[in-house]
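Below is one structure, written out as structure tokens; the observations come after it.
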There are 2 protein chains.
Amino acid sequence: MNWKEQFPQFEPGLIELIEKEAVQRSFNAGDIIMRTGQYIKSTVLVLEGRIKIYRENQDGGEFLMYYLQPGQACAVSMICAIQSGTSEIMAMAEDDSEVLMIPVHLMDDMMNQYKSWYQFVIQTYRGRFDELLSVVDNIAFRNMDERLEFYIKRYVEKAGKKNLEISHQQIADDLNSSREVISRLLKKMEQRGLVKLHRNMIELISS
Amino acid sequence: MNWKEQFPQFEPGLIELIEKEAVQRSFNAGDIIMRTGQYIKSTVLVLEGRIKIYRENQDGGEFLMYYLQPGQACAVSMICAIQSGTSEIMAMAEDDSEVLMIPVHLMDDMMNQYKSWYQFVIQTYRGRFDELLSVVDNIAFRNMDERLEFYIKRYVEKAGKKNLEISHQQIADDLNSSREVISRLLKKMEQRGLVKLHRNMIELISS
DNA sequence: TTCGTCCGGTGATTTGGGTCACAGCCCAGG
DNA sequence: CCTGGGCTGTGACCCAAATCACCGGACGAA
């Protein structure tokens, strides 16, 4: 695929450089792209699909932070890249995905030479930071029912489909909750006429 | 005070520029430095004191994210500054504090011209991002007792004193909990010999 | 077709923590 | 010296959510 469509704002010189130096990789849905503690060697740009960025703790709990979509980049990989550090998060392909991996050592030069890259990096930081803020808001101030609604809203936004093809268990994992709780809350939402429940699928009622 | 001591890594040219263009301001403990929704006109560097960065929600709840200390900068103000956006957080002086405010319009040039500034900004992003990550970890995975211990640990680290001069109510506010809960958990910690409780003061037992 | 496994539904019970009520305290200001 | 307001301690109660137990239904592999 032609990756340039996803990044129309990049300058010709920058595009050339990326074309020459970056590596394109494919991942299948469910593949782990980056794991906690792993050393970062590249900055990741998303071309296609959907990447889930989440945290994992020692006793198996996990917690979804946000999704990355085509045209976006992983802020963590940028930060770590520039400082040659290790990642503190997990990244997993939620759908089959294509990404562009730009070697760490190019970052400094790109920042200096290409205004459009600099802007892109700043914008990425801001975007992810804001998303983290709303994550904090949610867990700090909201109850599970509101968090679930937020989750569903975000899911349809990001996946671009009207239905969630996902099991209750997976939602529970993403919210670091348990299946029974999610099932019961979904049932209540169904009673309120917000969704219709099927096996492995939640249909959103547009109203 | 001589602010340059806090930022020994800055280049001479950068120091000169800041000296010429930045404004130094004092705040008393309790003063609000920045509030949610406010338009950002300057990047904030901390010279002295301690700044508390927290989130506030509509129904009066608040939630401490992290502290800024001398030598650190507010990542939010940088991000917003570069993009001329509004702040999504609150900043309050926890102690009497001195800060340096660098006008937004200088940011781009400083990033391009001064390597040390560029490094500083990157480092700031990384630091705050990491802190936000550990905040998320705490509320997502930990119970109140562990969160309280983390709070105390961080407090003594940041304040540089062995004792917390703070009421239970203030702790409860910072953790978005309630006084009774904090009092009870502190009492348990006292029984475990971790702290000694006084009025408006918690003494840490070093062991 | 049948069996095993994943999925969802539902009740019972437990628990962490928020809320209410109230009492005793220390301390500052009159 | 007294008094009123902020701080802390504690019991009673409640609620959201986690956990446990169990069921039946759907679906895929043999």
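Here's how to read the names in the structure tokens: chain A, B, ... by the order shown, residue numbers from 1 in each chain, ligand numbers from 1 in the order shown.
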request  = With a cut-off of 10 Å and counting only C-alpha atoms (C1' of nucleotides), select all residues of chain C in contact with chain B and give the selection as a ChimeraX atom specification.
outcome  = /C:16-19,25-26
message = Just want the 12 Å neighbourhood of region 27-29 of chain D, counted on only C-alpha atoms (C1' of nucleotides), with same-chain residues fewer than 5 positions away dropped. Output as a ChimeraX atom specification.
response = /A:199-200 /C:1-7
ask   = What residues in chain A lie within 9 Å of chain B, counting only C-alpha atoms, written as a PyMOL selection string?
value = chain A and resi 55-57+61-63+65+76+79-80+82-83+88-89+111-112+122-123+125-126+129-130+132-133+135-137+139-141+175-176
message = Considering only strand (DSSP E or B) as DSSP defines it on the backbone, what residues of region 27-169 of chain A qualify? List them as a PyMOL selection string.
response = chain A and resi 27+32-34+39+42-48+51-56+62-68+73+86+90-93+97-103+163-164
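Here the question is which of D:DA30, D:DT10, D:DC22, D:DA16 gets nearest to DA21 (chain C) using only C-alpha atoms (C1' of nucleotides), and that residue is D:DT10.
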